[in-house]
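Asks: Compact mmCIF, C-alpha atoms, saved as upload-v9.txt, coming up:
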```
# COMPACT_ATOMS: atom_id res chain seq x y z
CA MET S 751 -35.39 21.55 -19.89
CA ARG S 752 -34.25 22.67 -16.48
CA ARG S 753 -34.76 19.18 -15.09
CA ALA S 754 -32.81 17.60 -17.96
CA LEU S 755 -29.86 19.94 -17.34
CA PHE S 756 -30.00 19.11 -13.64
CA ILE S 757 -29.92 15.37 -14.35
CA VAL S 758 -27.03 15.72 -16.82
CA GLY S 759 -25.13 17.85 -14.29
CA LEU S 760 -25.78 15.31 -11.55
CA GLN S 761 -24.55 12.48 -13.77
CA LEU S 762 -21.38 14.41 -14.63
CA PHE S 763 -20.79 15.14 -10.94
CA ALA S 764 -21.26 11.47 -10.05
CA ALA S 765 -18.90 10.37 -12.82
CA CYS S 766 -16.21 12.78 -11.61
CA ALA S 767 -16.73 12.06 -7.93
CA PHE S 768 -16.47 8.31 -8.33
CA ALA S 769 -14.00 8.07 -11.22
CA ASP S 770 -11.13 7.50 -8.80
CA ASN S 771 -12.82 4.80 -6.77
CA VAL S 772 -9.72 3.35 -5.13
CA SER S 773 -9.68 2.06 -1.57
CA PHE S 774 -7.73 0.00 0.90
CA VAL S 775 -10.00 -2.86 1.87
CA ARG S 776 -7.69 -3.84 4.68
CA VAL S 777 -4.19 -3.08 5.97
CA TRP S 778 -2.41 -5.64 8.18
CA PRO S 779 0.89 -4.40 9.60
CA GLY S 780 3.21 -6.92 11.21
CA TRP S 781 6.54 -8.72 11.29
CA ARG S 782 7.10 -11.52 8.81
CA ASP S 783 9.94 -14.02 8.91
CA ALA S 784 11.74 -14.95 5.69
CA GLU S 785 10.41 -18.52 5.85
CA ILE S 786 6.89 -17.26 5.13
CA TYR S 787 8.05 -16.29 1.66
CA MET S 788 9.87 -19.51 0.78
CA ARG S 789 7.72 -21.59 -1.58
CA ILE S 790 8.44 -25.21 -2.53
CA SER S 791 8.50 -24.22 -6.20
CA GLU S 792 11.57 -22.07 -5.52
CA TYR S 793 13.55 -25.18 -4.62
CA PHE S 794 12.73 -26.80 -7.95
CA THR S 795 12.78 -23.81 -10.31
CA ASN S 796 15.21 -21.48 -8.52
CA ARG S 797 12.77 -18.62 -9.29
CA ILE S 798 10.95 -16.48 -6.75
CA ASN S 799 7.26 -17.33 -6.40
CA MET S 800 5.21 -14.46 -4.97
CA GLY S 801 2.09 -16.51 -4.44
CA GLY S 802 -0.25 -14.16 -6.32
CA HIS S 803 0.65 -11.09 -4.25
CA ILE S 804 2.78 -8.17 -5.33
CA ILE S 805 5.72 -8.07 -2.94
CA LEU S 806 7.74 -4.86 -2.75
CA ARG S 807 10.66 -4.54 -0.34
CA THR S 808 13.02 -1.76 0.64
CA HIS S 809 15.89 -4.26 0.11
CA ALA S 810 15.50 -7.07 -2.42
CA LYS S 811 17.47 -9.87 -0.76
CA PRO S 812 16.52 -9.91 2.93
CA ARG S 813 12.96 -11.19 3.19
CA SER S 814 12.45 -10.83 6.95
CA GLY S 815 11.00 -7.50 7.96
CA PHE S 816 8.03 -5.45 8.98
CA TYR S 817 5.36 -5.64 6.30
CA PHE S 818 2.17 -3.83 5.45
CA LEU S 819 -0.14 -6.35 3.80
CA VAL S 820 -2.53 -4.17 1.80
CA ARG S 821 -5.60 -5.22 -0.17
CA VAL S 822 -6.35 -2.55 -2.78
CA LYS S 823 -9.70 -2.39 -4.55
CA THR S 824 -10.42 -0.21 -7.56
CA ASP S 825 -13.03 0.21 -10.25
CA ARG S 826 -10.49 1.92 -12.48
CA PRO S 827 -8.49 0.31 -15.27
CA LEU S 828 -4.74 -0.09 -14.78
CA ILE S 829 -3.26 2.74 -12.70
CA SER S 830 0.25 3.21 -14.08
CA GLY S 831 3.01 5.05 -12.26
CA ALA S 832 1.40 4.95 -8.83
CA LYS S 833 3.36 4.71 -5.60
CA PHE S 834 2.75 3.61 -2.06
CA VAL S 835 4.16 5.97 0.55
CA VAL S 836 4.62 4.37 3.97
CA SER S 837 5.44 6.64 6.92
CA VAL S 838 6.29 5.07 10.27
CA ILE S 839 7.29 6.28 13.70
CA VAL S 840 9.32 3.79 15.74
CA PRO S 841 9.92 3.94 19.51
CA ALA S 842 13.53 5.12 19.05
CA SER S 843 12.58 8.37 17.28
CA PRO S 844 9.61 10.74 17.32
CA LEU S 845 10.20 11.68 13.69
CA PRO S 846 8.51 9.68 10.93
CA GLU S 847 10.57 7.80 8.41
CA THR S 848 9.12 7.53 4.90
CA PHE S 849 9.49 4.74 2.35
CA VAL S 850 8.27 4.86 -1.27
CA PHE S 851 7.24 1.81 -3.31
CA PRO S 852 6.58 2.54 -7.04
CA THR S 853 4.00 0.24 -8.60
CA ASP S 854 1.19 -0.18 -11.09
CA VAL S 855 -2.24 -1.07 -9.73
CA PRO S 856 -4.11 -3.52 -11.99
CA ALA S 857 -7.81 -3.18 -12.72
CA GLY S 858 -9.89 -4.55 -9.87
CA GLY S 859 -7.03 -4.22 -7.41
CA LYS S 860 -4.52 -6.58 -5.86
CA VAL S 861 -2.88 -7.65 -2.63
CA TYR S 862 0.44 -5.96 -1.92
CA GLU S 863 3.06 -6.77 0.67
CA LEU S 864 5.16 -3.70 1.39
CA GLY S 865 8.24 -4.77 3.33
CA LEU S 866 10.59 -2.66 5.40
CA THR S 867 13.51 -5.06 5.26
CA GLY S 868 17.22 -5.15 5.95
CA GLY S 869 18.53 -2.10 7.80
CA ASP S 870 15.24 -0.26 7.31
CA TRP S 871 13.58 -2.01 10.26
CA PRO S 872 15.20 -2.24 13.71
CA GLY S 873 14.14 -5.82 14.50
CA LYS S 874 11.49 -8.45 15.07
CA GLN S 875 10.50 -7.19 18.53
CA ILE S 876 9.94 -3.58 17.40
CA HIS S 877 6.45 -2.38 16.52
CA PRO S 878 5.64 1.05 15.08
CA VAL S 879 4.25 3.67 17.43
CA ALA S 880 2.21 5.06 14.53
CA TRP S 881 2.01 4.61 10.76
CA LYS S 882 0.38 6.06 7.67
CA LEU S 883 -0.05 4.52 4.23
CA ASP S 884 -0.89 6.52 1.09
CA LEU S 885 -1.44 5.45 -2.50
CA ILE S 886 -0.55 8.31 -4.83
CA GLY S 887 -1.27 8.46 -8.54
CA ALA S 888 1.26 9.39 -11.21
CA ASP S 889 -0.27 12.88 -11.28
CA GLY S 890 0.43 13.34 -7.55
CA ARG S 891 -3.18 12.97 -6.41
CA LEU S 892 -3.96 10.99 -3.28
CA LEU S 893 -5.95 7.92 -4.34
CA ALA S 894 -6.30 6.14 -0.98
CA THR S 895 -5.02 6.55 2.55
CA GLN S 896 -5.14 4.78 5.89
CA SER S 897 -3.34 5.33 9.17
CA SER S 898 -3.07 3.97 12.65
CA PHE S 899 -5.07 5.52 15.46
CA LEU S 900 -2.04 7.26 16.97
CA TRP S 901 -1.01 8.84 13.67
CA SER S 902 -3.91 11.29 13.87
CA LYS S 903 -3.21 12.32 17.47
CA PRO S 904 -1.51 15.67 18.08
CA ASN S 905 2.12 15.74 19.26
```
Take the structure I supplied and represent it as structure tokens, if you would.
Replies:
Amino acid sequence: MRRALFIVGLQLFAACAFADNVSFVRVWPGWRDAEIYMRISEYFTNRINMGGHIILRTHAKPRSGFYFLVRVKTDRPLISGAKFVVSVIVPASPLPETFVFPTDVPAGGKVYELGLTGGDWPGKQIHPVAWKLDLIGADGRLLATQSSFLWSKPN
């Protein structure tokens, strides 16, 4: 009896501990020119083709900018009402600037391109001093996080 209760308790713990199995497989930060996003199909259909990725930008029209290419993996079904929170520190200021990208994360995960475009990024030659990326659920819980090496260093 005692062993059976222990096994049931262990199974419940495992189910709770791994129910939110969401992770960033990889995060690639870097500048991307607008031409990268121009697909031949756009010339013929006059509709934006995202190439299978989910592209979220701080400004819809300008495509050039500093992007965080993020591969998300999850064992969960659709995660509705989630949001990416990107915090960056640029050389011009020691204070982080934060950008929020609301999204839904489909079952299995997806590749996202989170773009700081238009006036939200100072230019092609500028690289962040440090950055942090969080994926937060609709309930406010942190689902996944990743940061640059310098983000974790003290002031």
Asks: Let me make sure I understand: among S:Lys882, S:Ser898, S:Lys860, S:Arg891, which one has the smallest atom-to-atom distance to Glu847 of chain S if we use only C-alpha atoms?
Replies: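 Of S:Lys882, S:Ser898, S:Lys860, S:Arg891, the one nearest Glu847 of chain S, counting only C-alpha atoms, is S:Lys882.
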Asks: Report as a list of chain:residue names all protein, DNA and RNA residues lying within 9 Å of Ile839 of chain S, evaluated on all atoms listed in the file, omitting residues in the same chain fewer than 4 positions from it.
Replies: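 Contacts, in chain order: S:Ser843, S:Pro844, S:Leu845, S:Pro846, S:Glu847, S:Pro878, S:Val879, S:Ala880, S:Trp881, S:Trp901.
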Asks: For Ala832 of chain S, which of S:Thr848, S:Thr867, S:Ser814, S:Thr853 is the closest residue, counting all atoms listed in the file?
Replies: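 Nearest candidate to Ala832 of chain S out of S:Thr848, S:Thr867, S:Ser814, S:Thr853: S:Thr853.
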Asks: Pick out the closest residue to Ser837 of chain S from this set: S:Leu864, S:Val772, S:Gly859, S:Ile876. Count only C-alpha atoms.
Replies: S:Leu864
Asks: With all atoms listed in the file as the basis for distance, which of S:Phe899, S:Ile804, S:Lys874, S:Ala842 is at the shortest distance from Asp854 of chain S?
Replies: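 Among the listed residues, the smallest separation from Asp854 of chain S belongs to S:Ile804.
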Asks: Please measure the separation of atom CA of Val855 of chain S and atom CA of Leu828 of chain S, giving the value in Å to one decimal.
Replies: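 If I compute the distance from atom CA of Val855 of chain S to atom CA of Leu828 of chain S, I get 5.7 Å.
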Asks: As an exercise, work out the distance from atom CA of Leu900 of chain S to atom CA of Leu883 of chain S in Å and give it to one decimal place.
Replies: 13.2 Å
Asks: Between S:Gly869, S:Pro841, S:Gly858, S:Gly831, which is the closest to Ala888 of chain S once you count all atoms listed in the file?
Replies: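 With all atoms listed in the file as the atom set, the closest residue is S:Gly831.
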Asks: If I take atom CA of Asp783 of chain S and atom CA of His809 of chain S, how far is one from the other in Å, to one decimal?
Replies: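 Computing the Euclidean distance for atom CA of Asp783 of chain S and atom CA of His809 of chain S yields 14.4 Å.
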Asks: Find, counting only C-alpha atoms, the residue in S:Gln896, S:Asn771, S:Ser830, S:Ser902 that gets nearest to Pro856 of chain S.
Replies: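 Closest to Pro856 of chain S, using only C-alpha atoms: S:Ser830.
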Asks: Set the distance at 7 Å and use all atoms listed in the file: which residues neighbour Val820 of chain S once local chain neighbours fewer than 2 positions away are removed? I'd like the list as a VMD selection string.
Replies: chain S and resid 774 776 to 778 818 822 861 to 863
